[in-house]
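Please read the structure below before turning to the comments.
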Amino acid sequence: MAPSPTGHLHVGTARTALYNYLFAKRYGGTFILRSEDTDPERSERVYEDEIIEGLNWLGITWDAFYRQSERAGLYRTYLEGAIQKGTAYVSEEESKKDAGKTVQVVRLRNPNTTVTFDDEIRGEITFDTTELGDFVIARSLDDALYHFTVVVDDHEMGVTHVIRGEDHISNTPRQILIQEAIGAERPIYAHLPLLLGADRSKLSKRNGTVQLSSYRDAGYLKSALVNYLALLGWNPGTDEEIFTLAELERIFDLGGVQKGGAIFDIEKLKWINKAHLKQVDNTTFYDTTLERITERVRALPQYSEERFAKLVPLIRERVSVAGEITELANSGEYDFAFAEPSYNPTLIKWKDDETPLETLPRLQKIAEIIAVVPEGATSEEIKSRIWDYAVEVGKGQVLWPLRVVLTGKDKSPDPFTVISIIGSSEAYRRVRNACDTILSMRD
RNA sequence: GGCCCCAUCGUCUAACGGCUAGGACAGCUGGUUCUCAUCCAGCAAAUCGGAGUUCGAUUCUCCGUGGGGUCACCA
């Protein structure tokens with residue numbers, strides 16, 4: 001895997017690295033990470049750090065690491081060898097970078113042949129290399145360019161398989177020509193389909209979120225990202241869709257790789273993340289929730305660790321990505337647990353034509369029931385006390401207004417669970433207050 | 001535009017040349033304790049077009065169309 005540290009770690013780069021890693025693991029090969037930082041103007045160490053950190057976060061590890069900027073001497077040796085053999089030559093010409101200045105670039109002597117290579121994923125691909133001309137392979141003897149350094153390194157490092165994005169297909173004939181010029185063997189190529197944005201063009205900042213770190217920041221689990229990225233463009237040959245990295249290491253195969261590009265679908269990622277979230281243990285999820293819940297919620301008048309702990313399981317059932325916890329917390333979704341709700345009294349009515357005054361007797365009856373519920377009762381115990389009355393009068397008649405006065409919302413967890421979180425005395429207060437409000441409206 | 005790659009539901013995909021083209025996400029409907037969520041059940045949804053090979057084509061060949069990639073003294 002040979003990324004260039006010229007920008008943030010792209011999810012497409014992460015997927016390519018993952019496929020390389022899985023392929024190496026599956027067949028007991030060696031996975032090399034090579035930082036292609038030969039362009040000093042575009043390469044930055046912070047990006048290299050980000051790539052390393054990001055891949056490690058995903059659980060992708062390598063057996064060897066190289067940095068091309070530290071291998072200029074090696075490239076020079078090969079450059080001189082090629083010039084000596086006459087397969088490359090020094091050409092004195094006007095610099096394209098600074099006009100007017102004369103420089104000595106190294107060009108490949110193009111034999112102008114037809115190059116055919118066998119792609120593991122696509123089969124035979126043929127190019128006429130004539131149109132390539134005598135392309136430049138080095139700015140100077142000490143400044144080799146990408147195509148040349150790649151070929152030298154693959155040769156020196158004994159690379160057998162080059163698994164990379166489809167956007168490199170057109171680079172392959174150039175690199176094959178260089179291989180032949182320096183007498184290097186040809187590796188096996190496998191060109192992966194591209195990751196696409198919703199507009200079907202190559203996934204980029206224009207048409208989607210591309211930074212791996214933004215998914216991590218949004219709270220996606222690394223295991224879910226690995227799982228989704230593996231499945232985007234590859235299928236295991238079964239209907240199974242949830243995999244761990246360790247499982248993928250055992251079953252990944254280039255044969256299951258797709259030819260066509262795949263749109264990055266955030267909805268499916270969310271679904272996979274939710275599936276992985278189910279595997280997370282309660283303590284970890286508790287900590288995650290604590291991290292993601294906002295200060296505003298923690299500052300609510302009735303906030304306590306006890307109530308928070310009781311709220312967590314309920315949050316767990318309702319989010320697919322940790323970042324949603326922050327969103328929901330900000331929108332006031334969890335306020336009912338830590339503060340008396342405020343709401344429009346007309347929301348209390350069960351039927352459209354019902355007046356609050358007609359609802360009142362039922363709330364008063366519920367208040368009587370709740371008054372004798374012990375403080376630490378479970379939702380099941382609470383339910384058993386209210387249930388008979390609810391069935392007798394009509395479930396919606398009782399449960400809807402109760403839930404509204406407890407949470408202030410038309411959509412929320414069921415009232416029994418809510419009472420078990422806030423406690424029966426607080427629940428009693430909220431119901432009583434609602435009754436008082438209704439009575440005061442009459443005047 | 002030249003060259004190269006690709007083409008099955010909206011999306012990700014399955015289908016030795018051979019069942020009503022299967023699964024998943026999303027969508028819709030219904031059920032599970034009032035709403036939400038979960039879970040369950042169900043519905044809808046695709047082989048780009050045209051020739052050819054064949055008893056038979058999603059699958060093989062050709063042409064067309066469409067989409068994408070790439071055309072640096074970047075990687």
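Going by the structure tokens order, chains are called A, B, ..., each with residues numbered from 1, while ligands are numbered from 1 in the order shown.
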* Asked: Any idea what's packed within 9 Å of Phe252 in chain A, counting only C-alpha atoms (C1' of nucleotides), ignoring anything in its chain fewer than 6 positions away? Could you give it as a ChimeraX atom specification?
  -> /A:19,22-23,25-26,230,234-236
* All alpha helix (DSSP H) residues (DSSP, backbone) inside range 140-305 of chain A, as number ranges by chain -> A: 146-157, 172-182, 212-217, 222-231, 245-251, 266-277, 282-292, 295-298, 305
* Asked: Given a cut-off of 7 Å, which residues of chain A touch chain B, counting only C-alpha atoms (C1' of nucleotides), written out as number ranges by chain?
  -> A: 4, 95-97, 136, 139, 146, 167, 170, 201, 232, 239, 259-260, 265, 267-268, 317-318, 395-396, 399-400, 410-413
* Shell around range 69-84 of chain A at 8 Å using only C-alpha atoms (C1' of nucleotides), local window under 2 positions removed, as a list in words ->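 What passes the distance filter is Glu36, Asp37, Thr38, Arg67, Gly86, Thr87, Ala88, Tyr89, Val90, Leu141, Asp142, Asp143, Ala144, Phe148, Thr149, Val152, Ala181 and Ile182 of chain A.
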File of the preceding selection, C-alpha atoms, as a short mmCIF file (atom, residue, chain, number, x, y, z; two decimals), in the first residue's frame:
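Final file, out-v3.cif:
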data_model
loop_
_atom_site.label_atom_id
_atom_site.label_comp_id
_atom_site.auth_asym_id
_atom_site.auth_seq_id
_atom_site.Cartn_x
_atom_site.Cartn_y
_atom_site.Cartn_z
CA GLU A 36 5.17 8.23 -1.52
CA ASP A 37 6.38 11.66 -0.59
CA THR A 38 8.59 12.43 -3.57
CA ARG A 67 9.50 6.63 3.02
CA GLY A 86 20.37 3.60 -23.08
CA THR A 87 16.80 2.85 -21.98
CA ALA A 88 16.64 6.36 -20.56
CA TYR A 89 18.44 9.57 -21.37
CA VAL A 90 19.17 13.01 -20.05
CA LEU A 141 19.27 12.42 -11.18
CA ASP A 142 18.46 13.11 -7.54
CA ASP A 143 14.83 13.85 -8.06
CA ALA A 144 13.04 10.82 -9.50
CA PHE A 148 10.07 5.61 -11.52
CA THR A 149 10.24 5.42 -7.73
CA VAL A 152 12.22 0.72 -8.34
CA ALA A 181 13.84 -0.40 -18.94
CA ILE A 182 15.48 -1.30 -15.63
#
* Skipping near chain neighbours, those fewer than 6 positions away, what residues fall within 10 Å of range 54-60 of chain B using only C-alpha atoms (C1' of nucleotides), listed as a PyMOL selection string? -> chain B and resi 8+15+17-18+21+47
Those same residues, written as a PDB file, in the first residue's frame with N, CA and C atoms (P, O5', C5', C4', C3', O3' and C1' of nucleotides)?
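Now in again.pdb:
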ATOM      1  P     U B   8     -25.170  -2.746 -13.252  1.00  0.00           P
ATOM      2  O5'   U B   8     -26.519  -3.576 -13.084  1.00  0.00           O
ATOM      3  C5'   U B   8     -27.320  -3.830 -14.238  1.00  0.00           C
ATOM      4  C4'   U B   8     -28.470  -4.685 -13.822  1.00  0.00           C
ATOM      5  C3'   U B   8     -29.111  -4.264 -12.517  1.00  0.00           C
ATOM      6  O3'   U B   8     -30.051  -3.217 -12.728  1.00  0.00           O
ATOM      7  C1'   U B   8     -28.733  -6.585 -12.485  1.00  0.00           C
ATOM      8  P     A B  15     -22.625 -15.075  -7.988  1.00  0.00           P
ATOM      9  O5'   A B  15     -23.911 -15.780  -8.614  1.00  0.00           O
ATOM     10  C5'   A B  15     -24.377 -17.030  -8.100  1.00  0.00           C
ATOM     11  C4'   A B  15     -25.660 -17.397  -8.794  1.00  0.00           C
ATOM     12  C3'   A B  15     -25.559 -17.501 -10.323  1.00  0.00           C
ATOM     13  O3'   A B  15     -25.159 -18.795 -10.728  1.00  0.00           O
ATOM     14  C1'   A B  15     -27.409 -16.141  -9.732  1.00  0.00           C
ATOM     15  P     G B  17     -21.182 -20.218 -16.214  1.00  0.00           P
ATOM     16  O5'   G B  17     -22.678 -20.135 -16.728  1.00  0.00           O
ATOM     17  C5'   G B  17     -22.934 -19.938 -18.099  1.00  0.00           C
ATOM     18  C4'   G B  17     -24.410 -20.014 -18.311  1.00  0.00           C
ATOM     19  C3'   G B  17     -25.008 -21.378 -18.017  1.00  0.00           C
ATOM     20  O3'   G B  17     -26.393 -21.229 -17.694  1.00  0.00           O
ATOM     21  C1'   G B  17     -25.278 -20.875 -20.285  1.00  0.00           C
ATOM     22  P     G B  18     -26.854 -21.439 -16.178  1.00  0.00           P
ATOM     23  O5'   G B  18     -28.365 -21.859 -16.450  1.00  0.00           O
ATOM     24  C5'   G B  18     -29.323 -20.811 -16.741  1.00  0.00           C
ATOM     25  C4'   G B  18     -30.723 -21.402 -16.745  1.00  0.00           C
ATOM     26  C3'   G B  18     -30.987 -22.273 -15.525  1.00  0.00           C
ATOM     27  O3'   G B  18     -32.343 -22.160 -15.122  1.00  0.00           O
ATOM     28  C1'   G B  18     -31.034 -23.593 -17.507  1.00  0.00           C
ATOM     29  P     A B  21     -37.914 -15.069 -12.844  1.00  0.00           P
ATOM     30  O5'   A B  21     -37.135 -14.563 -11.541  1.00  0.00           O
ATOM     31  C5'   A B  21     -36.376 -15.469 -10.754  1.00  0.00           C
ATOM     32  C4'   A B  21     -35.041 -14.837 -10.432  1.00  0.00           C
ATOM     33  C3'   A B  21     -35.096 -13.613  -9.519  1.00  0.00           C
ATOM     34  O3'   A B  21     -35.222 -13.986  -8.160  1.00  0.00           O
ATOM     35  C1'   A B  21     -33.658 -13.177 -11.337  1.00  0.00           C
ATOM     36  P     U B  47     -35.421  -4.354 -16.194  1.00  0.00           P
ATOM     37  O5'   U B  47     -34.421  -5.595 -16.327  1.00  0.00           O
ATOM     38  C5'   U B  47     -33.384  -5.594 -17.281  1.00  0.00           C
ATOM     39  C4'   U B  47     -32.041  -5.679 -16.578  1.00  0.00           C
ATOM     40  C3'   U B  47     -30.868  -5.876 -17.529  1.00  0.00           C
ATOM     41  O3'   U B  47     -29.773  -5.126 -17.011  1.00  0.00           O
ATOM     42  C1'   U B  47     -30.941  -7.659 -15.986  1.00  0.00           C
TER      43        U B  47
END
* To do: Do a neighbour search on Glu93 in chain A at 9 Å with only C-alpha atoms (C1' of nucleotides), toss out local chain neighbours closer than 3 positions, and write the hits as an MDAnalysis selection string.
  => chainID A and resid 96 101:105
* **Between CA of Ser140 in chain A and CA of Leu177 in chain A, distance in Å (one decimal)** =>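 Interatomic distance here is 19.2 Å.
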* Coordinates-based distance that separates CA of Asp154 in chain A from CA of Ser43 in chain A (Å, one decimal) ->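 If I compute the distance from CA of Ser43 in chain A to CA of Asp154 in chain A, I get 20.5 Å.
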* To do: Mind checking which residues fall within 7 Å of range 418-434 of chain A, counting only C-alpha atoms (C1' of nucleotides), ignoring those fewer than 3 positions away in the same chain, and posting them as number ranges by chain?
  => A: 307, 310-311, 337, 340, 363, 367, 370-371, 373-379, 405-406, 413-415, 437-438
* To do: May I have all residues of range 33-186 of chain A that DSSP, computed from the backbone, assigns to strand (DSSP E), given as a count of residues only?
  => 45
* Hey, can you check how far CA of Asn171 in chain A sits from CA of Leu229 in chain A? ->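 A separation of 24.5 Å between them.
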